[in-house]
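Participant: My structure is stored as model16.txt, with compact mmCIF, C-alpha atoms.
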```txt
# COMPACT_ATOMS: atom_id res chain seq x y z
CA MET A 1 8.98 8.53 12.08
CA THR A 2 9.11 4.97 13.39
CA ILE A 3 6.19 2.61 12.99
CA ASN A 4 5.55 -0.91 14.16
CA GLY A 5 5.73 -2.91 10.95
CA GLY A 6 4.96 -6.44 9.82
CA ASN A 7 5.08 -8.98 12.63
CA GLY A 8 6.34 -6.37 15.08
CA ALA A 9 9.39 -5.22 13.12
CA LEU A 10 10.38 -1.58 13.67
CA LEU A 11 10.28 0.27 10.39
CA ARG A 12 11.54 3.77 9.69
CA SER A 13 10.39 6.46 7.32
CA ALA A 14 10.95 10.12 6.68
CA PRO A 15 8.08 12.56 7.28
CA PRO A 16 5.19 12.21 4.80
CA ARG A 17 5.78 14.09 1.56
CA TYR A 18 2.22 13.99 0.29
CA GLN A 19 0.55 17.42 0.12
CA GLY A 20 -3.22 17.38 0.48
CA ASP A 21 -5.78 15.53 2.32
CA SER A 22 -11.98 -3.64 -14.14
CA ARG A 23 -6.80 -5.04 -18.21
CA SER A 24 -2.03 -5.25 -19.85
CA MET A 25 1.28 -3.36 -20.11
CA PRO A 26 5.00 -3.06 -18.99
CA SER A 27 6.75 -2.16 -15.78
CA ILE A 28 9.68 -0.26 -14.26
CA ARG A 29 11.46 1.70 -11.03
CA ARG A 30 14.90 5.18 -8.21
CA SER A 31 15.01 7.04 -5.10
CA THR A 32 16.27 10.05 -3.16
CA ALA A 33 17.24 10.00 0.49
CA ALA A 34 14.12 11.85 1.53
CA ALA A 35 12.05 9.50 -0.60
CA ALA A 36 12.94 6.30 1.22
CA ALA A 37 10.08 7.31 3.47
CA LEU A 38 7.33 4.92 2.48
CA VAL A 39 9.50 1.84 2.56
CA ALA A 40 8.71 1.77 6.23
CA LEU A 41 5.03 2.67 6.26
CA LEU A 42 2.99 -0.46 6.88
CA ALA A 43 -0.73 -0.31 7.48
CA GLY A 44 -2.43 -1.62 10.56
CA THR A 45 -6.08 -2.69 10.45
CA VAL A 46 -7.72 -0.22 8.07
CA THR A 47 -11.01 -0.36 6.20
CA ALA A 48 -11.01 0.39 2.48
CA CYS A 49 -14.55 1.13 1.41
CA GLY A 50 -16.14 0.16 -1.90
CA PRO A 51 -19.57 0.82 -3.41
CA ASP A 52 -22.34 -1.64 -4.11
CA GLY A 53 -22.66 -2.97 -7.62
CA GLN A 54 -21.06 -5.44 -9.98
CA ALA A 55 -17.51 -5.33 -11.24
CA ALA A 56 -17.18 -4.58 -14.93
CA GLY A 57 -15.36 -7.86 -15.35
CA GLY A 58 -14.47 -10.68 -13.02
CA THR A 59 -13.82 -14.32 -12.62
CA ALA A 60 -14.85 -17.24 -10.61
CA ALA A 61 -13.59 -20.64 -9.66
CA ASP A 62 -16.63 -22.52 -8.38
CA GLN A 63 -16.12 -24.21 -5.03
CA LYS A 64 -17.05 -27.71 -6.15
CA ASP A 65 -15.54 -30.74 -7.87
CA GLY A 66 -12.18 -30.26 -6.21
CA GLY A 67 -12.54 -26.56 -5.45
CA PHE A 68 -12.54 -24.98 -8.91
CA LYS A 69 -14.18 -24.88 -12.32
CA LEU A 70 -12.24 -25.62 -15.48
CA PRO A 71 -12.31 -23.17 -18.39
CA LYS A 72 -14.95 -23.46 -21.06
CA GLY A 73 -14.09 -26.26 -23.45
CA ALA A 74 -11.61 -27.89 -21.08
CA PRO A 75 -12.12 -31.38 -19.53
CA THR A 76 -14.60 -31.45 -16.67
CA SER A 77 -14.42 -35.00 -15.24
CA LEU A 78 -12.26 -35.73 -12.21
CA ASP A 79 -10.07 -38.01 -14.32
CA ASP A 80 -9.51 -35.25 -16.82
CA LEU A 81 -8.93 -32.90 -13.93
CA LYS A 82 -5.85 -34.92 -13.08
CA LYS A 83 -4.70 -34.54 -16.68
CA TRP A 84 -5.08 -30.77 -16.26
CA LYS A 85 -2.84 -30.79 -13.21
CA ASP A 86 -0.39 -33.14 -14.94
CA GLY A 87 0.14 -30.69 -17.78
CA GLY A 88 -3.17 -30.26 -19.58
CA TRP A 89 -3.12 -26.58 -18.65
CA GLN A 90 -0.47 -26.15 -21.34
CA ASP A 91 -3.12 -26.53 -24.06
CA TRP A 92 -3.46 -22.86 -25.02
CA ASP A 93 -5.84 -23.70 -27.87
CA LYS A 94 -8.47 -23.68 -25.11
CA TRP A 95 -7.44 -20.26 -23.79
CA ALA A 96 -10.32 -19.09 -21.59
CA ARG A 97 -11.26 -15.47 -22.23
CA ASP A 98 -14.59 -14.76 -20.51
CA ALA A 99 -14.84 -13.74 -16.88
CA LYS A 100 -16.88 -16.80 -15.96
CA ASP A 101 -14.30 -19.20 -17.39
CA PHE A 102 -11.39 -18.35 -15.11
CA ALA A 103 -9.75 -21.39 -13.50
CA ASN A 104 -6.65 -21.69 -11.34
CA PRO A 105 -6.51 -25.05 -9.52
CA ILE A 106 -3.66 -25.54 -7.08
CA ILE A 107 -0.89 -27.70 -8.51
CA LYS A 108 1.25 -28.46 -5.48
CA ASP A 109 4.95 -27.76 -5.95
CA HIS A 110 4.40 -26.42 -9.48
CA TRP A 111 6.25 -23.26 -8.42
CA LYS A 112 9.40 -24.55 -6.74
CA SER A 113 12.33 -22.17 -6.25
CA ASP A 114 14.01 -23.17 -9.50
CA ARG A 115 10.88 -22.55 -11.58
CA LEU A 116 10.23 -19.26 -9.81
CA ALA A 117 13.76 -18.18 -10.78
CA LYS A 118 13.19 -19.07 -14.45
CA ALA A 119 10.06 -16.93 -14.84
CA LYS A 120 10.54 -14.05 -17.27
CA THR A 121 9.18 -10.52 -17.20
CA SER A 122 5.54 -9.91 -17.97
CA PRO A 123 4.78 -8.85 -21.56
CA GLU A 124 6.53 -5.50 -21.67
CA ILE A 125 4.70 -2.82 -23.63
CA GLY A 126 6.57 0.42 -24.13
CA VAL A 127 5.39 3.84 -25.20
CA LYS A 128 7.57 6.05 -27.37
CA ALA A 129 9.04 8.78 -25.19
CA THR A 130 8.91 11.91 -27.33
CA GLY A 131 7.62 15.31 -26.28
CA THR A 132 5.01 14.87 -23.59
CA GLY A 133 4.37 11.26 -24.59
CA SER A 134 0.79 12.13 -25.55
CA GLU A 135 -0.94 14.62 -27.78
CA PHE A 136 -4.07 14.69 -25.63
CA ASP A 137 -5.18 17.49 -23.32
CA GLY A 138 -4.53 16.76 -19.64
CA THR A 139 -1.05 15.31 -20.18
CA ASP A 140 1.77 16.91 -18.22
CA PRO A 141 5.37 17.29 -19.46
CA GLU A 142 7.39 14.11 -19.56
CA PRO A 143 9.18 13.56 -16.23
CA GLN A 144 12.91 13.21 -15.80
CA PRO A 145 14.06 9.64 -15.10
CA VAL A 146 14.49 8.65 -11.46
CA THR A 147 16.99 5.88 -10.73
CA ALA A 148 15.46 2.99 -8.78
CA GLU A 149 16.93 2.13 -5.38
CA GLN A 150 17.05 -1.19 -3.59
CA VAL A 151 14.61 -1.70 -0.71
CA ALA A 152 16.23 -2.51 2.64
CA ARG A 153 16.37 -6.21 3.53
CA PRO A 154 14.95 -8.45 4.81
CA TYR A 155 11.86 -7.41 2.91
CA HIS A 156 9.42 -8.82 5.44
CA GLN A 157 10.66 -6.22 7.92
CA HIS A 158 10.62 -3.26 5.55
CA MET A 159 7.88 -3.75 2.92
CA ALA A 160 5.97 -6.85 3.96
CA PRO A 161 2.82 -6.31 1.82
CA VAL A 162 4.78 -6.31 -1.47
CA GLY A 163 5.64 -9.49 -3.36
CA LYS A 164 5.91 -11.15 -6.75
CA ILE A 165 3.15 -12.67 -8.86
CA PHE A 166 4.02 -15.69 -10.99
CA PHE A 167 1.89 -17.09 -13.79
CA ASP A 168 2.05 -19.27 -16.87
CA SER A 169 1.33 -17.73 -20.27
CA PRO A 170 1.49 -19.06 -23.84
CA LYS A 171 5.05 -17.67 -23.88
CA GLY A 172 6.09 -19.53 -20.73
CA PRO A 173 6.32 -18.66 -17.01
CA MET A 174 6.26 -14.93 -16.29
CA VAL A 175 6.37 -12.53 -13.35
CA CYS A 176 4.69 -9.37 -12.13
CA SER A 177 4.52 -7.57 -8.78
CA GLY A 178 1.62 -7.23 -6.34
CA THR A 179 0.51 -5.85 -2.97
CA ILE A 180 -1.56 -7.27 -0.12
CA VAL A 181 -4.46 -4.86 0.45
CA GLU A 182 -6.99 -4.45 3.24
CA ASP A 183 -10.39 -6.10 2.82
CA PRO A 184 -13.30 -4.20 4.44
CA ALA A 185 -15.25 -7.45 4.70
CA HIS A 186 -12.46 -9.09 6.73
CA PRO A 187 -10.59 -6.45 8.78
CA GLY A 188 -7.14 -7.71 9.70
CA LYS A 189 -7.73 -10.95 7.80
CA SER A 190 -7.50 -10.00 4.14
CA ASN A 191 -6.79 -12.48 1.35
CA LEU A 192 -6.74 -9.82 -1.37
CA VAL A 193 -3.80 -8.89 -3.60
CA TRP A 194 -3.71 -5.85 -5.91
CA THR A 195 -1.91 -6.03 -9.26
CA ALA A 196 -2.21 -5.03 -12.93
CA GLY A 197 -4.91 -6.46 -15.17
CA HIS A 198 -2.40 -7.57 -17.77
CA CYS A 199 -0.71 -9.79 -15.18
CA VAL A 200 -3.81 -12.00 -15.10
CA HIS A 201 -5.55 -11.43 -18.46
CA SER A 202 -3.95 -10.56 -21.79
CA GLY A 203 -6.72 -8.22 -22.94
CA LYS A 204 -8.75 -8.06 -26.14
CA ARG A 205 -6.71 -10.63 -28.08
CA GLY A 206 -6.21 -13.26 -25.38
CA GLY A 207 -7.50 -14.67 -22.13
CA TRP A 208 -6.74 -15.64 -18.54
CA MET A 209 -3.23 -16.57 -17.49
CA ARG A 210 -2.80 -19.87 -15.64
CA ASN A 211 -1.23 -21.15 -12.43
CA ILE A 212 -1.32 -17.66 -10.88
CA VAL A 213 0.38 -17.40 -7.47
CA PHE A 214 1.48 -14.61 -5.15
CA VAL A 215 4.71 -14.84 -3.14
CA PRO A 216 4.97 -12.11 -0.47
CA SER A 217 8.49 -10.85 0.36
CA TYR A 218 9.94 -13.02 -2.40
CA ASN A 219 13.68 -13.69 -1.96
CA ASP A 220 13.58 -12.04 1.45
CA ASN A 221 17.31 -11.33 1.66
CA GLY A 222 17.68 -10.25 -1.97
CA VAL A 223 20.37 -12.72 -3.04
CA PRO A 224 21.27 -12.51 -6.78
CA MET A 225 19.02 -14.58 -9.02
CA ASN A 226 21.86 -16.94 -9.94
CA GLN A 227 22.10 -17.88 -6.25
CA VAL A 228 18.39 -18.39 -5.59
CA ASN A 229 18.50 -22.13 -6.34
CA ASN A 230 21.08 -22.58 -3.58
CA THR A 231 19.12 -20.49 -1.09
CA PRO A 232 16.88 -22.19 1.54
CA SER A 233 13.24 -22.16 0.43
CA GLN A 234 12.19 -20.40 3.64
CA GLN A 235 14.17 -17.38 2.43
CA VAL A 236 12.92 -17.54 -1.17
CA THR A 237 9.27 -17.94 -0.17
CA PRO A 238 9.29 -16.85 3.49
CA TYR A 239 5.51 -16.96 3.83
CA GLY A 240 4.81 -19.64 1.23
CA ARG A 241 2.88 -19.50 -2.06
CA PHE A 242 -0.71 -18.27 -2.36
CA TRP A 243 -2.88 -19.35 -5.30
CA ALA A 244 -5.58 -17.13 -6.76
CA ASP A 245 -8.98 -18.82 -6.49
CA TRP A 246 -10.88 -15.79 -7.79
CA ILE A 247 -9.88 -12.68 -9.75
CA THR A 248 -11.62 -9.48 -10.80
CA THR A 249 -10.34 -7.10 -13.44
CA SER A 250 -12.07 -4.38 -15.42
CA GLY A 251 -14.26 -5.05 -18.42
CA GLU A 252 -12.47 -2.14 -20.07
CA TRP A 253 -9.15 -3.96 -19.83
CA ILE A 254 -10.59 -7.22 -21.18
CA ASN A 255 -12.21 -5.43 -24.12
CA MET A 256 -9.61 -2.73 -24.83
CA GLY A 257 -6.30 -3.89 -23.36
CA SER A 258 -3.42 -4.67 -25.68
CA GLU A 259 -0.04 -6.33 -25.26
CA LYS A 260 1.22 -4.58 -28.38
CA SER A 261 1.08 -0.95 -27.36
CA GLY A 262 -0.34 1.42 -24.80
CA ASN A 263 -3.90 2.57 -25.43
CA GLY A 264 -7.03 3.62 -23.55
CA GLY A 265 -7.23 0.21 -21.90
CA SER A 266 -4.15 1.06 -19.87
CA ALA A 267 -6.24 3.51 -17.82
CA TYR A 268 -8.17 0.46 -16.51
CA ASP A 269 -5.20 -1.89 -16.09
CA PHE A 270 -5.83 -3.14 -12.55
CA ALA A 271 -6.95 -6.40 -10.96
CA VAL A 272 -7.60 -7.91 -7.53
CA LEU A 273 -6.83 -11.50 -6.58
CA HIS A 274 -8.45 -13.52 -3.81
CA VAL A 275 -5.88 -16.09 -2.72
CA LYS A 276 -5.50 -19.18 -0.58
CA PRO A 277 -2.31 -20.84 0.71
CA GLU A 278 -0.85 -23.78 -1.16
CA ASN A 279 -0.18 -25.56 2.12
CA GLY A 280 -3.79 -25.33 3.26
CA SER A 281 -3.06 -23.16 6.31
CA GLY A 282 -6.14 -21.76 8.02
CA LYS A 283 -4.62 -18.29 8.43
CA SER A 284 -5.43 -15.44 6.08
CA LEU A 285 -2.72 -13.87 3.94
CA GLN A 286 -2.74 -10.70 6.03
CA GLU A 287 -2.48 -12.65 9.30
CA THR A 288 0.37 -14.72 7.85
CA VAL A 289 2.38 -11.73 6.67
CA GLY A 290 1.35 -9.33 9.42
CA ASN A 291 0.39 -6.36 7.24
CA ALA A 292 -1.62 -5.00 4.34
CA ALA A 293 -1.93 -1.65 2.59
CA ARG A 294 -5.15 0.33 2.43
CA VAL A 295 -6.53 1.45 -0.96
CA TRP A 296 -7.42 5.08 -1.65
CA PHE A 297 -10.06 5.26 -4.36
CA ASN A 298 -10.80 8.57 -6.09
CA ALA A 299 -7.63 10.15 -4.71
CA PRO A 300 -6.64 13.60 -6.02
CA ALA A 301 -5.35 13.79 -9.59
CA ALA A 302 -1.65 13.09 -10.02
CA ASN A 303 -0.73 16.75 -10.44
CA GLN A 304 -2.23 17.42 -6.99
CA ILE A 305 -0.09 14.83 -5.19
CA GLY A 306 3.24 16.06 -3.86
CA SER A 307 5.04 12.72 -4.20
CA LEU A 308 4.55 8.98 -4.11
CA ASP A 309 6.67 5.82 -4.07
CA ALA A 310 6.45 2.96 -6.58
CA PHE A 311 7.61 -0.53 -5.60
CA GLY A 312 8.19 -3.74 -7.48
CA TYR A 313 10.58 -6.45 -8.66
CA PRO A 314 12.02 -5.34 -12.03
CA ALA A 315 13.27 -8.39 -13.92
CA ALA A 316 14.42 -7.10 -17.33
CA PRO A 317 18.02 -5.84 -17.72
CA PRO A 318 19.79 -4.26 -15.94
CA TYR A 319 17.78 -5.98 -13.18
CA ASP A 320 17.36 -9.72 -12.65
CA GLY A 321 14.07 -9.91 -10.73
CA ALA A 322 15.76 -10.91 -7.49
CA ARG A 323 15.43 -7.63 -5.64
CA MET A 324 12.62 -5.34 -4.61
CA MET A 325 13.19 -1.78 -5.84
CA ASN A 326 11.65 1.63 -5.13
CA CYS A 327 11.20 4.83 -7.15
CA PRO A 328 10.09 7.91 -5.17
CA ALA A 329 8.96 10.70 -7.46
CA ARG A 330 6.48 13.49 -8.03
CA PRO A 331 3.66 12.27 -10.30
CA GLY A 332 2.12 13.95 -13.31
CA ARG A 333 -0.73 13.08 -15.67
CA LEU A 334 -0.72 11.05 -18.90
CA VAL A 335 -3.77 10.66 -21.15
CA MET A 336 -3.37 7.65 -23.45
CA GLN A 337 -6.65 8.03 -25.35
CA GLN A 338 -9.16 10.84 -25.54
CA GLY A 339 -12.13 10.15 -23.30
CA THR A 340 -10.27 7.86 -20.89
CA PRO A 341 -9.10 8.91 -17.40
CA ALA A 342 -5.68 10.51 -17.03
CA MET A 343 -3.13 8.03 -15.71
CA ASN A 344 -0.47 8.77 -13.10
CA ARG A 345 3.08 9.03 -14.47
CA ILE A 346 6.46 9.26 -12.73
CA GLY A 347 10.10 9.24 -13.78
CA CYS A 348 11.53 5.79 -13.02
CA THR A 349 14.11 3.39 -14.45
CA MET A 350 12.46 0.12 -13.41
CA THR A 351 11.88 -2.44 -16.15
CA GLY A 352 9.58 -5.37 -16.96
CA GLY A 353 8.49 -7.41 -13.94
CA THR A 354 7.44 -4.28 -12.03
CA SER A 355 3.99 -4.42 -13.64
CA GLY A 356 1.30 -4.53 -10.97
CA GLY A 357 3.63 -3.15 -8.29
CA GLY A 358 1.97 -0.72 -5.90
CA TRP A 359 2.27 3.07 -5.89
CA PHE A 360 1.91 4.44 -2.38
CA VAL A 361 1.46 7.63 -0.41
CA ASN A 362 1.70 8.17 3.32
CA ARG A 363 -1.85 9.02 4.35
CA GLY A 364 -2.32 9.55 8.04
CA GLY A 365 0.70 7.39 8.83
CA LYS A 366 -0.68 4.49 6.78
CA LEU A 367 0.80 2.86 3.70
CA THR A 368 -1.89 3.72 1.14
CA LEU A 369 -2.07 2.41 -2.43
CA VAL A 370 -3.14 4.90 -5.11
CA SER A 371 -2.07 3.13 -8.33
CA ASN A 372 -0.11 0.24 -9.82
CA THR A 373 2.49 0.03 -12.57
CA SER A 374 0.95 -0.51 -15.99
CA ILE A 375 3.06 0.91 -18.85
CA SER A 376 6.48 2.45 -19.40
CA SER A 377 8.51 4.31 -21.97
CA ASN A 378 10.53 2.18 -24.37
CA ALA A 379 13.66 3.77 -22.94
CA HIS A 380 12.64 2.93 -19.34
CA THR A 381 12.73 6.55 -18.24
CA TRP A 382 9.18 6.68 -16.85
CA LEU A 383 6.28 4.48 -15.86
CA ALA A 384 2.55 5.09 -15.68
CA GLY A 385 -0.32 3.57 -13.73
CA PRO A 386 -4.11 3.97 -13.64
CA HIS A 387 -5.91 6.46 -11.42
CA LEU A 388 -8.10 4.31 -9.14
CA GLY A 389 -11.52 5.82 -9.77
CA PRO A 390 -15.08 4.42 -9.77
CA GLU A 391 -14.21 1.52 -12.10
CA ALA A 392 -11.44 0.29 -9.81
CA GLN A 393 -13.69 0.73 -6.80
CA ARG A 394 -16.38 -1.46 -8.39
CA VAL A 395 -13.85 -4.18 -9.23
CA PHE A 396 -12.58 -4.15 -5.66
CA ALA A 397 -16.06 -4.11 -4.11
CA ASP A 398 -17.13 -7.05 -6.27
CA ILE A 399 -14.44 -9.40 -5.00
CA SER A 400 -14.68 -8.18 -1.40
CA GLN A 401 -18.44 -8.76 -1.34
CA LYS A 402 -18.09 -12.14 -3.03
CA PHE A 403 -16.14 -13.50 -0.06
CA ALA A 404 -17.76 -11.37 2.63
CA ASN A 405 -19.50 -14.32 4.29
CA GLN A 406 -16.67 -16.82 3.91
```
If you took the structure in this file and wrote it as structure tokens, what would it be?

Facilitator:
Amino acid sequence: MTINGGNGALLRSAPPRYQGDSRSMPSIRRSTAAAAALVALLAGTVTACGPDGQAAGGTAADQKDGGFKLPKGAPTSLDDLKKWKDGGWQDWDKWARDAKDFANPIIKDHWKSDRLAKAKTSPEIGVKATGTGSEFDGTDPEPQPVTAEQVARPYHQHMAPVGKIFFDSPKGPMVCSGTIVEDPAHPGKSNLVWTAGHCVHSGKRGGWMRNIVFVPSYNDNGVPMNQVNNTPSQQVTPYGRFWADWITTSGEWINMGSEKSGNGGSAYDFAVLHVKPENGSGKSLQETVGNAARVWFNAPAANQIGSLDAFGYPAAPPYDGARMMNCPARPGRLVMQQGTPAMNRIGCTMTGGTSGGGWFVNRGGKLTLVSNTSISSNAHTWLAGPHLGPEAQRVFADISQKFANQ
């Protein structure tokens, strides 16, 4: 099947293989010939619906005093604002935790190509891979590992909605993966990016990450990381850098999530960013890139889905974070804690840095997101992501409605 992809590029995929009609962990990613299918599926203008109601957790950067609000306890004058941009953000003693205290002011040129290349993997939390990987009912047998494959290049012609998320943490600059998703409030003009909750908030023992940006089609031609500094910036950041000015994640992740080990919070490890371009362009992210994926909330359970494809930029060995990878696999279920929703789990060898990367099915010829990478086995043989149920739908609806009239 051939579809018109991002910015008019012709993308190819095999026939669909799918059968059937608001917090932190690690990441990973292989592929079979038949599975390369979804690399080519890029959504047109699609509406992803969400219910009314408030997100369980969220964040806000007030649009005043320079366009954002500083975290609780941080300087608030314009003079001190300059100090924040000049390095005051590195004061992690004032680590903002609450939803209302999120702040992410644009610091122009903070993320140049050399700093992007130095960013390490997101905090990688592994789960011991023994037996089924869980003693709880509803968990399926542990899957066999699937070796990740490279996505065809240039990425903007083959998987335009996928990119890398960069952020500063108390441990230094780090990376995750993310996906541009359709916004029902702004059809064809979305500024929303889907990722994992732990890529933006460290969970119950921490707070919001800082200087969070999304780079679609990062390193478009997939040159090795040791060559990125000598690569023209228009190839490293082909569409530019987009800063998050608002984020929603689940209250369950903020209150339960852990960077130490997988637990029930992993079932709610998702987040949505609203972004704006660093260069001040008037175009939306979706218009700039030319594509976005739709989101399928309350999709069938993992054991009822024939197959899906997981994408991301694994950055821990044997990968270097320079290339987008894909694992096509048949998903199963994994229950991390009794009473929490079963997660989706697939065999995959991708490592840290894939966190937040989208899991997709071909639904009606559209690239459709059904999960994101959250946790993995210590041995990097499988990865798991949350089922996007009512909690995820509320988180998404909250941020979409917040910017509906803007």

Participant: When you draw a straight line from atom CA of A:Gly385 to atom CA of A:Asn344, how long is it in Å?

Facilitator: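 Rounded to one decimal, the two atoms are 5.2 Å apart.
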
Participant: Taking 4 positions as the minimum chain separation for residues in the same chain, which residues sit within 9 Å of A:Ser113 when counting only C-alpha atoms? Answer as a PyMOL selection string.

Facilitator: chain A and resi 117-118+228-229+231+233+236-237

Participant: With a distance cut-off of 7 Å and only C-alpha atoms, select the neighbouring residues of stretch 310-323 of chain A, excluding the residue or stretch itself and same-chain residues fewer than 6 positions from it, and output the selection as a PyMOL selection string.

Facilitator: chain A and resi 28-29+121+150+164+177+219+222-225+350-354+357-360

Participant: Mind listing as a list in words all residues within 12 Å of (17.6, 8.2, -16.4), counting only C-alpha atoms?

Facilitator: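 Every residue inside that radius is included here: Ile28, Arg29, Arg30, Ser31, Pro143, Gln144, Pro145, Val146, Thr147, Ala148, Cys327, Ile346, Gly347, Cys348, Thr349, Met350, Ser377, Ala379, His380, Thr381, Trp382 and Leu383 of chain A.
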
Participant: May I ask which of the residues A:Lys85, A:Gly207, A:Gln234, A:Asn255 is the closest one to A:Arg97, counting all atoms listed in the file?

Facilitator: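 Closest to A:Arg97 of all the choices is A:Gly207.
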
Participant: Do a neighbour search on A:Ile247 at 10 Å with only C-alpha atoms, toss out local chain neighbours closer than 5 positions, and write the hits as a list in words.

Facilitator: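 Those residues are Gly57, Gly58, Thr59, Ala60, Ala61, Ala99, Phe102, Ala103, Asn104, Leu192, Val193, Trp194, Gly197, Val200, His201, Trp208, Ile212, Ala271, Val272, Leu273, His274, Val275, Val395, Phe396, Asp398 and Ile399 of chain A.
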
Participant: For atom CA of A:Gln338 and atom CA of A:Gly264, determine how far apart the two atoms are, in Å to one decimal place.

Facilitator: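 Between atom CA of A:Gln338 and atom CA of A:Gly264 the gap is 7.8 Å.
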
Participant: Around (17.2, -8.8, 6.9), as given in the file, which residues come within 6 Å? Count only C-alpha atoms and list them as number ranges by chain.

Facilitator: A: 153-154, 221

Participant: Between atom CA of A:Ser266 and atom CA of A:Glu252, what is the spacing in Å?

Facilitator: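 If I compute the distance from atom CA of A:Glu252 to atom CA of A:Ser266, I get 8.9 Å.
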
Participant: Choose the residue, out of A:Gly203, A:Gly332, A:Gly163, A:Gly262, that has the smallest atom-to-atom separation from A:Asn378; count all atoms listed in the file.

Facilitator: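 Among A:Gly203, A:Gly332, A:Gly163, A:Gly262, it is A:Gly262 that comes nearest to A:Asn378.
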
Participant: Nearest to A:Ala160 among A:Met324, A:Ala342, A:Ala267, A:Ser376, with distances taken over all atoms listed in the file: which residue is it?

Facilitator: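 Ranked by minimum distance to A:Ala160, first place goes to A:Met324.
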
Participant: Using all atoms listed in the file, which of the listed residues (A:Trp243, A:Phe403, A:Tyr268, A:Trp111) sits closest to A:Ser371?

Facilitator: A:Tyr268

Participant: So which one's closest to A:Cys176, A:Gln90, A:Gln286, A:Thr195, A:Asn263? Using only C-alpha atoms, please.

Facilitator: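 Among the listed residues, the smallest separation from A:Cys176 belongs to A:Thr195.
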
Participant: Can you work out which one of A:Val181, A:Met336, A:Leu116, A:Ala404 has the shortest atom-to-atom distance to A:Gly138, counting all atoms listed in the file?

Facilitator: A:Met336
